[in-house]
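To start, the structure itself, in structure tokens.
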Amino acid sequence: MLNNINPLDISKFRKYTFILIFTLLILYGCEYGNQKTVTEKRNASSAAILRHTPEWIDNRLESMHAVDDEYLWHDVLNGRAIHQNSYSDPPTEPLEGNFHTQQQSFFSLMKMQMFEISEKKVEKLLDDAKVLLDWVIDNGYDSEHCYFYFKYNWKDKKWTKLFYPEFNMFSVTALLYYDSLRTNSRYVKTANEVFDTITSLAWDSEYSGFMSGFAPDPQTGKLSCNGIKTLYAAGYLAINMLDAYDATGEERFWKWAQKAVNFSNSYLWDDMYGGWIISINRKLDPPENHIKFTHIIADMIQANYRLYLLEREDSYLNYAERGLAFLIEHNRKPDMLWAKHNTRDGSNYYQEENVPGDAGGHLPAYDRQMQVITALCLGWKATGNPRYLEYIDDTLDAMEISHKIEYPAGINYGYQCKDGAQNTWCHLWGLKGFIAIKRIQTQEY
């Protein structure tokens with residue numbers, strides 16, 4: 001049979017096969033080129049639409065980080081750590097003598113993310129991250145009950161041994177993040193032990209939702225709480241669980257983040273006025289206090305956007321967009337800054353919080369600005385809405401007027417205005433906000 005095949009037919013077959021393959025390669029190249037062009041256009045659009053250039057963002061981020069490295073570190077207990085707050089100028093003296101485990105972990109996360117987005121790949125950022133995480137494990141870890149203590153006070157030489165799952169998740173994420181960059185089996189073991197405590201103890205298997213604010217029994221050390229479920233805890237848990245998913249690729253973190261967000265969308269969303277309320281009790285009875293806090297709403301907006309970007313599930317996009325619309329309508333002030341909090345219906349951001357020392361929700365706290373900016377970055381990533389970029393620029397411009405402080409080590413921002421008060425949590429959110437901006441300018445989200 002083979003002897004009957006015409007050699008000309010074989011030649012034609014080879015010719016047409018070659019033409020077909022060549023044509024497919026051209027079509028693939030065109031498609032790839034089109035996709036690349038779309039990506040490049042989106043990259044260019046985010047960099048160009050923002051009035052603040054990538055160079056300005058880079059310089060300010062480096063300056064803020066330099067201020068933190070110059071003024072926040074101390075030798076304390078067995079290692080080095082950063083203090084909580086300061087009123088000195090420059091901010092070198094701890095206001096209350098507190099050193100929080102979650103702030104060490106937050107700072108280490110920001111250093112690791114700066115390492116990731118930097119072209120220089122400065123290894124000292126990872127070295128510093130390890131110093132911070134070693135301090136947390138060596139000094140603040142309860143290996144018997146598998147959780148991290150809340151804070152250490154170097155004035156009275158005592159630990160506050162409360163268990164906050166949302167703060168512990170900062171440390172879990174940071175430990176796993178570090179292992180993704182430099183293998184560290186001790187970090188992974190500790191992170192897994194604490195994550196098991198978070199999911200087994202803090203999650204309410206009967207009524208659903210994450211509980212927080214656990215205190216140890218003075219005799220046994222056993223942890224218990226009153227069952228309150230807060231938007232604050234759910235937001236931070238979800239954000240950090242999603243970071244842990246990004247670092248490890250393990251779906252358990254994604255699924256637990258879903259549970260935290262789904263609970264909040266189901267039970268804390270305010271159907272009447274929009275936005276999420278601050279808390280609910282264990283049995284899910286409606287709360288009396290309906291103040292709406294900008295920062296925790298912004299956190300939950302971030303979590304919903306991130307789940308949408310992972311799953312393309314429209315319900316998450318819907319909650320994120322409506323939550324952001326509430327903040328834009330009610331908590332964005334004429335000076336382009338974001339109020340601390342507002343009434344349930346969004347009618348009065350001068351409303352006091354009914355706690356000692358609160359001067360009203362209109363005061364524009366530094367961390368709130370950055371939490372909203374991070375949400376806006378994700379909103380632009382999810383929707384391409386150019387208004388979100390305008391709000392980012394407006395907020396940055398306003399902060400230059402109202403909050404900017406120049407120190408010998410660089411520039412940073414005051415807590416609620418251009419005064420000497422420095423809030424470390426705000427500094428850390430400052431780094432996170434600028435990293436978020438840099439990511440949309442380089443399309444690394």
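To be explicit about the labels: the chains of the structure tokens are called A, B, and onward in the order shown, and within each one the residues are counted from 1, while ligands get numbers from 1 in the order they are shown.
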Task: Shell around range 331-341 of chain A at 12 Å using only C-alpha atoms, local window under 5 positions removed, as a ChimeraX atom specification - done: /A:275-278,290-298,323-326,346-354,358-373,390-403,415-417
- [ ] List the neighbours of Tyr305 in chain A out to 9 Å using only C-alpha atoms; skip same-chain residues closer than 5 positions along the sequence, and give me the result as a PyMOL selection string.
- [x] chain A and resi 300+310+316-317+319-321+375+378-379+381-382
Open item on the list: Using only C-alpha atoms, which protein or nucleic acid residues come within 10 Å of Lys161 in chain A? Drop anything in the same chain fewer than 4 positions from it, and give the result as an MDAnalysis selection string.
Closed with: chainID A and resid 140:142 147:152 214:216 221 223
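Residues in contact range of Tyr245 in chain A, defined as at most 9 Å between only C-alpha atoms, with sequence neighbours fewer than 6 positions away removed, read Thr173, Glu251, Arg252, Phe253 and Trp254 of chain A.
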Task: Sel. of strand (DSSP E or B) residues, range 183-294 of chain A, as a PyMOL selection string - done: chain A and resi 203+210+214-216+223-224+229-230+269+276+279-280+292-293
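Residues surrounding range 86-89 of chain A within 7 Å are Leu95, Gly420, Ala421, Gln422 and Asn423 of chain A [only C-alpha atoms; sequence separation below 6 positions excluded].
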Generate a file of the selected residues that holds C-alpha atoms, formatted as a PDB file, in the first residue's frame.
ATOM      1  CA  LEU A  95       4.461  57.358  74.381  1.00  0.00           C
ATOM      2  CA  GLY A 420       4.165  66.203  66.421  1.00  0.00           C
ATOM      3  CA  ALA A 421       2.029  63.157  67.161  1.00  0.00           C
ATOM      4  CA  GLN A 422       3.213  60.000  65.437  1.00  0.00           C
ATOM      5  CA  ASN A 423       1.060  56.887  65.418  1.00  0.00           C
TER       6      ASN A 423
END
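The two atoms in question, CA of Gly213 in chain A and CA of Tyr236 in chain A, are spaced 13.9 Å apart.
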Open item on the list: Which residues are close to Asp134 in chain A, i.e. within 10 Å by only C-alpha atoms, leaving aside same-chain residues fewer than 5 positions away? Reply as a VMD selection string.
Closed with: chain A and resid 78 to 81 104 to 105 128 to 129 139 to 140 175 187
Include N, CA and C atoms and write out the residues we just selected as a tab-separated table (two decimals), in the first residue's frame.
chain	number	residue	atom	x	y	z
A	78	ASN	N	14.43	40.34	74.48
A	78	ASN	CA	15.44	39.57	73.75
A	78	ASN	C	15.36	39.91	72.27
A	79	GLY	N	15.89	41.09	71.89
A	79	GLY	CA	15.86	41.46	70.48
A	79	GLY	C	15.58	42.93	70.27
A	80	ARG	N	15.13	43.25	69.05
A	80	ARG	CA	14.81	44.63	68.67
A	80	ARG	C	13.39	44.69	68.14
A	81	ALA	N	12.69	45.80	68.46
A	81	ALA	CA	11.29	45.95	68.07
A	81	ALA	C	10.98	47.43	67.92
A	104	GLN	N	4.95	44.63	65.02
A	104	GLN	CA	6.22	44.07	64.52
A	104	GLN	C	5.95	43.27	63.24
A	105	SER	N	4.89	42.48	63.27
A	105	SER	CA	4.57	41.64	62.11
A	105	SER	C	4.11	42.49	60.92
A	128	ASP	N	15.76	42.71	58.23
A	128	ASP	CA	14.97	43.44	59.23
A	128	ASP	C	13.67	42.71	59.55
A	129	ALA	N	13.02	42.18	58.51
A	129	ALA	CA	11.77	41.45	58.72
A	129	ALA	C	12.00	40.27	59.67
A	139	ASN	N	9.66	36.28	72.21
A	139	ASN	CA	9.19	36.98	73.41
A	139	ASN	C	7.68	36.93	73.63
A	140	GLY	N	6.90	36.86	72.54
A	140	GLY	CA	5.46	37.02	72.68
A	140	GLY	C	4.62	35.82	72.32
A	175	LEU	N	4.87	35.43	58.95
A	175	LEU	CA	5.76	34.25	59.06
A	175	LEU	C	5.74	33.43	57.77
A	187	TYR	N	9.22	29.13	61.34
A	187	TYR	CA	8.15	30.08	61.09
A	187	TYR	C	6.89	29.38	60.61
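Using only C-alpha atoms, the smallest distance between any of A:Cys377, A:Met211, A:Ala247, A:Val131 and Phe434 in chain A comes from A:Cys377.
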